[in-house]
file entry32.cif (mmCIF, C-alpha atoms)
data_structure
#
loop_
_atom_site.label_atom_id
_atom_site.label_comp_id
_atom_site.auth_asym_id
_atom_site.auth_seq_id
_atom_site.Cartn_x
_atom_site.Cartn_y
_atom_site.Cartn_z
CA MET A 1 0.00 0.00 0.00
CA SER A 2 1.41 3.41 -0.91
CA LEU A 3 2.12 5.95 1.81
CA PRO A 4 0.30 9.30 1.79
CA VAL A 5 2.12 12.27 0.35
CA ASP A 6 3.65 14.67 2.90
CA LEU A 7 1.94 17.95 3.63
CA PRO A 8 2.94 20.69 1.13
CA SER A 9 4.91 23.57 2.65
CA SER A 10 2.22 26.06 1.56
CA GLU A 11 -0.42 24.14 3.51
CA ALA A 12 1.86 24.02 6.54
CA ARG A 13 2.34 27.80 6.38
CA ARG A 14 -1.40 28.41 6.12
CA ALA A 15 -2.04 26.11 9.08
CA ALA A 16 0.66 27.94 11.05
CA GLY A 17 -1.02 31.27 10.29
CA TRP A 18 -4.35 30.06 11.63
CA MET A 19 -2.65 28.65 14.71
CA SER A 20 -1.16 32.10 15.38
CA GLY A 21 -4.70 33.42 15.66
CA ALA A 22 -5.55 30.58 18.02
CA ILE A 23 -2.54 31.44 20.20
CA VAL A 24 -3.65 35.08 20.59
CA SER A 25 -7.22 34.02 21.31
CA PHE A 26 -6.30 31.41 23.93
CA SER A 27 -3.99 33.87 25.70
CA THR A 28 -6.74 36.50 25.76
CA MET A 29 -9.15 33.95 27.19
CA ALA A 30 -6.71 33.12 30.02
CA VAL A 31 -6.52 36.76 31.11
CA ALA A 32 -10.31 37.22 30.92
CA GLY A 33 -10.91 33.91 32.71
CA ARG A 34 -8.82 35.03 35.66
CA ALA A 35 -10.77 38.29 35.83
CA VAL A 36 -14.11 36.52 36.44
CA SER A 37 -12.86 33.49 38.38
CA PHE A 38 -13.46 35.11 41.76
CA GLU A 39 -17.16 35.56 41.02
CA LEU A 40 -18.12 32.49 38.96
CA ASP A 41 -17.14 28.83 39.19
CA THR A 42 -15.84 27.09 36.09
CA PHE A 43 -19.21 25.52 35.16
CA GLU A 44 -20.98 28.89 35.37
CA LEU A 45 -18.18 30.45 33.36
CA MET A 46 -18.56 27.81 30.65
CA LEU A 47 -22.35 28.26 30.60
CA TYR A 48 -22.19 32.03 30.05
CA ARG A 49 -19.32 31.69 27.62
CA SER A 50 -21.40 29.30 25.52
CA LEU A 51 -24.44 31.60 25.64
CA VAL A 52 -22.31 34.44 24.32
CA GLY A 53 -20.82 32.06 21.79
CA ILE A 54 -24.12 30.89 20.31
CA ALA A 55 -25.23 34.51 19.86
CA VAL A 56 -21.99 35.32 18.04
CA VAL A 57 -22.10 32.19 15.85
CA VAL A 58 -25.71 32.75 14.78
CA ALA A 59 -25.13 36.47 14.14
CA VAL A 60 -21.94 35.99 12.12
CA ALA A 61 -23.27 32.97 10.21
CA GLY A 62 -26.49 34.83 9.43
CA PHE A 63 -24.59 37.89 8.21
CA ALA A 64 -22.41 35.69 6.01
CA GLY A 65 -25.41 33.77 4.72
CA LYS A 66 -24.12 30.46 6.08
CA LEU A 67 -26.88 29.47 8.51
CA GLY A 68 -28.09 26.99 5.92
CA SER A 69 -24.79 25.13 6.12
CA ILE A 70 -25.52 24.00 9.69
CA ARG A 71 -26.50 20.33 9.65
CA ALA A 72 -27.52 17.96 12.45
CA ARG A 73 -25.21 15.19 11.25
CA ARG A 74 -22.68 13.02 13.07
CA MET A 75 -24.13 14.19 16.38
CA GLY A 76 -22.45 11.31 18.20
CA LEU A 77 -19.05 12.63 17.16
CA HIS A 78 -20.07 16.20 18.05
CA LEU A 79 -21.10 15.01 21.52
CA VAL A 80 -17.89 13.04 22.12
CA ARG A 81 -15.77 15.95 20.89
CA ASN A 82 -17.57 18.42 23.17
CA VAL A 83 -17.45 16.21 26.26
CA PHE A 84 -13.68 16.06 25.84
CA HIS A 85 -13.48 19.80 25.31
CA PHE A 86 -15.90 20.73 28.10
CA SER A 87 -13.95 18.61 30.59
CA GLY A 88 -10.60 19.97 29.47
CA GLN A 89 -11.77 23.58 29.45
CA ASN A 90 -13.23 23.41 32.96
CA LEU A 91 -10.00 21.95 34.30
CA TRP A 92 -8.05 24.62 32.41
CA PHE A 93 -10.10 27.49 33.87
CA PHE A 94 -9.48 26.08 37.34
CA ALA A 95 -5.75 25.70 36.71
CA ILE A 96 -5.23 29.30 35.57
CA THR A 97 -6.47 30.50 38.96
CA ALA A 98 -4.31 28.08 40.96
CA ILE A 99 -0.83 28.21 39.38
CA PRO A 100 1.20 30.61 37.15
CA LEU A 101 -0.03 30.91 33.58
CA ALA A 102 3.24 29.70 32.07
CA GLN A 103 3.08 26.54 34.18
CA VAL A 104 -0.53 25.90 33.12
CA PHE A 105 0.37 26.21 29.47
CA ALA A 106 3.52 24.11 29.86
CA LEU A 107 1.60 21.21 31.40
CA GLU A 108 -1.21 21.65 28.89
CA PHE A 109 1.30 21.21 26.10
CA THR A 110 1.49 17.51 26.74
CA SER A 111 -1.65 17.54 24.59
CA PRO A 112 0.24 17.33 21.25
CA VAL A 113 2.11 14.29 22.57
CA TRP A 114 -1.21 12.54 23.25
CA VAL A 115 -2.51 13.67 19.84
CA ALA A 116 0.53 12.25 18.05
CA LEU A 117 0.26 8.97 19.94
CA PHE A 118 -3.48 8.47 19.45
CA ALA A 119 -3.90 9.94 15.95
CA PRO A 120 -3.12 6.55 14.33
CA LEU A 121 -5.95 4.95 16.34
CA VAL A 122 -8.56 7.70 16.01
CA LEU A 123 -7.69 9.17 12.63
CA GLY A 124 -5.68 6.52 10.84
CA GLU A 125 -2.78 8.98 10.40
CA ARG A 126 0.82 7.78 10.27
CA LEU A 127 3.04 8.27 13.29
CA THR A 128 6.18 9.00 11.30
CA ARG A 129 9.66 8.98 12.77
CA THR A 130 10.03 12.73 12.31
CA ARG A 131 6.75 13.52 14.05
CA LEU A 132 7.58 11.18 16.91
CA ILE A 133 10.96 12.86 17.39
CA ALA A 134 9.30 16.29 17.26
CA ALA A 135 6.75 15.22 19.89
CA LEU A 136 9.48 13.83 22.15
CA LEU A 137 11.58 16.96 21.70
CA GLY A 138 8.57 19.13 22.56
CA PHE A 139 7.88 17.03 25.62
CA ALA A 140 11.54 17.44 26.68
CA GLY A 141 11.03 21.20 26.47
CA ILE A 142 7.96 20.90 28.68
CA LEU A 143 9.96 19.00 31.29
CA ILE A 144 12.58 21.75 31.26
CA VAL A 145 9.87 24.30 31.99
CA ALA A 146 7.80 22.32 34.49
CA ARG A 147 10.78 20.68 36.31
CA PRO A 148 8.85 17.87 38.03
CA GLY A 149 10.50 16.98 41.33
CA VAL A 150 11.72 20.55 41.76
CA VAL A 151 8.35 22.32 41.64
CA SER A 152 5.74 20.92 44.04
CA ILE A 153 2.72 19.19 42.51
CA GLY A 154 -0.74 20.32 43.62
CA PRO A 155 -4.35 20.44 42.37
CA GLY A 156 -3.52 23.13 39.84
CA GLN A 157 -0.79 21.07 38.20
CA VAL A 158 -2.99 17.96 38.15
CA ALA A 159 -5.88 19.92 36.61
CA ALA A 160 -3.63 21.36 33.89
CA ALA A 161 -2.24 17.92 33.06
CA LEU A 162 -5.72 16.38 32.83
CA ALA A 163 -6.90 19.34 30.74
CA ALA A 164 -4.28 18.34 28.19
CA LEU A 165 -5.98 14.96 27.77
CA GLY A 166 -9.31 16.67 27.24
CA PHE A 167 -7.90 19.02 24.62
CA ALA A 168 -6.15 16.15 22.85
CA GLY A 169 -9.43 14.25 22.56
CA SER A 170 -11.15 17.41 21.33
CA ALA A 171 -8.48 17.97 18.67
CA LEU A 172 -8.63 14.39 17.43
CA PHE A 173 -12.40 14.34 17.06
CA THR A 174 -12.41 17.84 15.55
CA ARG A 175 -10.11 16.51 12.86
CA ARG A 176 -12.54 13.65 12.20
CA LEU A 177 -15.44 16.08 11.97
CA THR A 178 -13.63 18.35 9.50
CA ARG A 179 -13.57 15.47 7.02
CA THR A 180 -17.31 15.82 6.45
CA GLU A 181 -18.55 18.88 8.38
CA ASN A 182 -17.95 22.60 7.78
CA VAL A 183 -16.47 24.95 10.37
CA VAL A 184 -19.73 26.87 10.98
CA SER A 185 -21.60 23.67 11.80
CA ILE A 186 -18.83 22.49 14.13
CA LEU A 187 -18.81 25.82 16.01
CA PHE A 188 -22.62 25.92 16.20
CA TRP A 189 -22.85 22.50 17.81
CA LEU A 190 -19.88 23.34 20.04
CA THR A 191 -21.82 26.19 21.63
CA VAL A 192 -25.21 24.45 21.73
CA ILE A 193 -23.97 21.21 23.30
CA GLN A 194 -21.83 23.06 25.82
CA ILE A 195 -24.75 25.26 26.86
CA PHE A 196 -26.59 22.10 27.96
CA LEU A 197 -23.45 20.65 29.58
CA GLY A 198 -22.81 23.92 31.41
CA LEU A 199 -26.45 24.29 32.49
CA PHE A 200 -26.49 20.74 33.88
CA CYS A 201 -23.18 21.00 35.74
CA ALA A 202 -23.68 24.57 37.01
CA GLY A 203 -27.21 23.83 38.16
CA ILE A 204 -26.57 20.48 39.81
CA ASP A 205 -26.42 22.25 43.19
CA ALA A 206 -29.61 24.22 42.33
CA GLU A 207 -27.63 27.49 42.38
CA ILE A 208 -26.39 29.38 39.33
CA ALA A 209 -24.74 32.74 40.02
CA TRP A 210 -25.70 35.71 37.85
CA PRO A 211 -22.69 37.74 36.65
CA SER A 212 -22.23 41.29 37.85
CA ALA A 213 -22.13 44.24 35.44
CA MET A 214 -18.33 44.29 35.70
CA SER A 215 -18.06 40.62 34.73
CA TRP A 216 -20.16 40.73 31.57
CA PRO A 217 -17.53 42.46 29.38
CA TRP A 218 -15.01 39.79 30.41
CA LEU A 219 -17.53 37.04 29.65
CA VAL A 220 -18.19 38.52 26.22
CA LEU A 221 -14.43 38.64 25.63
CA ILE A 222 -14.11 35.00 26.74
CA GLY A 223 -16.94 33.98 24.42
CA VAL A 224 -15.53 35.83 21.41
CA ALA A 225 -11.94 34.73 22.09
CA GLY A 226 -13.08 31.15 22.62
CA LEU A 227 -14.92 31.07 19.31
CA SER A 228 -12.04 32.76 17.54
CA ALA A 229 -9.64 30.21 18.99
CA HIS A 230 -11.80 27.31 17.87
CA TYR A 231 -12.38 28.79 14.42
CA CYS A 232 -8.64 29.22 13.93
CA LEU A 233 -7.87 25.78 15.37
CA THR A 234 -10.59 24.04 13.35
CA THR A 235 -9.45 25.76 10.16
CA ALA A 236 -5.84 24.75 10.84
CA LEU A 237 -6.95 21.16 11.43
CA SER A 238 -8.81 21.21 8.12
CA LEU A 239 -5.55 22.14 6.38
CA ALA A 240 -3.13 19.78 8.10
CA PRO A 241 -3.12 16.57 10.18
CA ALA A 242 -3.65 16.89 13.92
CA SER A 243 -0.16 15.56 14.66
CA VAL A 244 1.26 18.48 12.62
CA VAL A 245 -1.09 21.25 13.80
CA MET A 246 -1.06 20.67 17.55
CA PRO A 247 2.73 20.99 18.09
CA MET A 248 2.47 24.50 16.58
CA ASP A 249 0.45 25.40 19.67
CA PHE A 250 3.67 25.16 21.69
CA LEU A 251 4.31 28.80 20.70
CA ARG A 252 1.72 29.81 23.29
CA LEU A 253 4.26 29.11 26.04
CA PRO A 254 6.68 32.02 25.49
CA VAL A 255 3.72 34.28 24.66
CA ILE A 256 1.83 33.51 27.87
CA ALA A 257 5.04 33.70 29.92
CA LEU A 258 5.41 37.32 28.77
CA VAL A 259 1.73 38.00 29.48
CA GLY A 260 2.05 36.63 33.01
CA TRP A 261 5.19 38.67 33.60
CA ILE A 262 3.72 41.95 32.30
CA ILE A 263 0.21 41.74 33.77
CA TYR A 264 0.59 39.61 36.91
CA SER A 265 4.29 40.08 37.75
CA GLU A 266 4.81 36.33 37.49
CA PRO A 267 8.57 35.65 37.36
CA LEU A 268 10.01 35.18 33.89
CA ASP A 269 11.93 32.07 34.77
CA PRO A 270 14.97 31.41 32.51
CA TRP A 271 13.95 27.74 32.50
CA ILE A 272 10.81 28.81 30.65
CA LEU A 273 12.92 30.50 27.98
CA ALA A 274 15.19 27.46 27.68
CA GLY A 275 12.25 25.10 27.42
CA GLY A 276 10.56 27.44 24.95
CA ALA A 277 13.65 27.33 22.71
CA VAL A 278 13.55 23.52 22.69
CA ILE A 279 9.83 23.61 21.92
CA LEU A 280 10.36 26.02 19.04
CA GLY A 281 12.95 23.60 17.67
CA ALA A 282 10.38 20.83 17.82
CA ASN A 283 7.93 22.99 15.88
CA TRP A 284 10.47 23.69 13.17
CA LEU A 285 11.30 20.01 12.87
CA ASN A 286 7.64 19.08 12.59
CA VAL A 287 6.54 21.62 9.96
CA ARG A 288 9.64 21.95 7.76
CA PRO A 289 9.20 20.62 4.22
CA ARG A 290 10.39 17.02 3.74
CA SER A 291 11.19 15.49 0.40
CA VAL A 292 11.14 11.87 1.60
CA THR A 293 7.53 10.84 2.23
CA ASN A 294 8.09 7.84 4.46
CA ARG A 295 10.22 9.42 7.20
#
call {"tool": "encode", "arguments": {"input": "entry32.cif", "output": "structure tokens"}}
result
Amino acid sequence: MSLPVDLPSSEARRAAGWMSGAIVSFSTMAVAGRAVSFELDTFELMLYRSLVGIAVVVAVAGFAGKLGSIRARRMGLHLVRNVFHFSGQNLWFFAITAIPLAQVFALEFTSPVWVALFAPLVLGERLTRTRLIAALLGFAGILIVARPGVVSIGPGQVAAALAALGFAGSALFTRRLTRTENVVSILFWLTVIQIFLGLFCAGIDAEIAWPSAMSWPWLVLIGVAGLSAHYCLTTALSLAPASVVMPMDFLRLPVIALVGWIIYSEPLDPWILAGGAVILGANWLNVRPRSVTNR
């Protein structure tokens, strides 16, 4: 059986461009999430974020004349994808309030390793030698940043690590959905399904807090940034395999380290810079053009 042709360099560059938008959006969401975390729990945050999101999706899709492209197909896959994402996102919102942002992102970046390992099972993609080396190199960079055994492990670290599993599952099933479903439909069902998940989880104690006037602008920003992140990520995944796209997300680490340093005075640890350099090397190795298709 012949092996699939490697990803063209032009496609890799386009995917990298969309992932840059995702990086900015995810970083914005982290800052906004911290701003409302003292008033809302993570389930309430996810509920209001999804309510904002559905309004934005319907408005933008209607303006673009794409509401007709929304189809109720492959709902089982939509549900599985959103359970993974909802779980990962709740854990992530908890983690950003418990530990430094750079540490959250570093632990979260085990997600591409899980994607690379499970993509052959879920997507039927090849785990090539080059991609495996890139994943291992990226993971080595994460260890340099996180320094397990030196930095104490607590609930925040555990939540960030488990969030990575949730995001990996979300990425894998997003890739499967992009084979037959359009981006508007994927984003529509993302918001609708997560409204019901958020309503159930937030209301399980029969109490759902109403946001204050000061929190609503942050919630709108979270909703818009979340949709923007998923649009960029979904588009990138439609252009390139998950095992190629997800390691690009490593670039969020040096970006969020600077954000934490500037806004929250979190120390800019030189280990973060060293680990970030290793991670950038892994990205270059993973996306550079290759002439031999079976590496």
call {"tool": "residues_around", "arguments": {"input": "entry32.cif", "residues": "range 256-262 of chain A", "least_positions_apart": "3", "cutoff": "10 Å", "atoms": "only C-alpha atoms", "output": "number ranges by chain"}}
result
A: 23-24, 26-28, 30-31, 100-106, 251-253, 265-269, 272-273, 276
call {"tool": "atom_distance", "arguments": {"input": "entry32.cif", "atom1": "CA of Ile263 in chain A", "atom2": "CA of Gly88 in chain A"}}
result
24.7 Å
call {"tool": "resolve_selection", "arguments": {"input": "entry32.cif", "expression": "the PyMOL selection byres ((chain A and resi 68-85) around 10)", "output": "NGL selection string"}}
result
:A and (61-62 or 65-67 or 86-91 or 163-177 or 180-194 or 197)
call {"tool": "atom_distance", "arguments": {"input": "entry32.cif", "atom1": "CA of Ile222 in chain A", "atom2": "CA of Ile54 in chain A"}}
result
12.6 Å
call {"tool": "resolve_selection", "arguments": {"input": "entry32.cif", "expression": "the PyMOL selection byres ((chain A and resi 141) around 10)", "output": "ChimeraX atom specification"}}
result
/A:106,109,135-140,142-147,250,271-282
call {"tool": "write_last_selection", "arguments": {"input": "entry32.cif", "atoms": "C-alpha atoms", "output": "mmCIF file, in the frame of the given file"}}
result
data_model
loop_
_atom_site.group_PDB
_atom_site.id
_atom_site.type_symbol
_atom_site.label_atom_id
_atom_site.label_comp_id
_atom_site.auth_asym_id
_atom_site.auth_seq_id
_atom_site.Cartn_x
_atom_site.Cartn_y
_atom_site.Cartn_z
ATOM 1 C CA ALA A 106 3.520 24.110 29.860
ATOM 2 C CA PHE A 109 1.300 21.210 26.100
ATOM 3 C CA ALA A 135 6.750 15.220 19.890
ATOM 4 C CA LEU A 136 9.480 13.830 22.150
ATOM 5 C CA LEU A 137 11.580 16.960 21.700
ATOM 6 C CA GLY A 138 8.570 19.130 22.560
ATOM 7 C CA PHE A 139 7.880 17.030 25.620
ATOM 8 C CA ALA A 140 11.540 17.440 26.680
ATOM 9 C CA ILE A 142 7.960 20.900 28.680
ATOM 10 C CA LEU A 143 9.960 19.000 31.290
ATOM 11 C CA ILE A 144 12.580 21.750 31.260
ATOM 12 C CA VAL A 145 9.870 24.300 31.990
ATOM 13 C CA ALA A 146 7.800 22.320 34.490
ATOM 14 C CA ARG A 147 10.780 20.680 36.310
ATOM 15 C CA PHE A 250 3.670 25.160 21.690
ATOM 16 C CA TRP A 271 13.950 27.740 32.500
ATOM 17 C CA ILE A 272 10.810 28.810 30.650
ATOM 18 C CA LEU A 273 12.920 30.500 27.980
ATOM 19 C CA ALA A 274 15.190 27.460 27.680
ATOM 20 C CA GLY A 275 12.250 25.100 27.420
ATOM 21 C CA GLY A 276 10.560 27.440 24.950
ATOM 22 C CA ALA A 277 13.650 27.330 22.710
ATOM 23 C CA VAL A 278 13.550 23.520 22.690
ATOM 24 C CA ILE A 279 9.830 23.610 21.920
ATOM 25 C CA LEU A 280 10.360 26.020 19.040
ATOM 26 C CA GLY A 281 12.950 23.600 17.670
ATOM 27 C CA ALA A 282 10.380 20.830 17.820
#
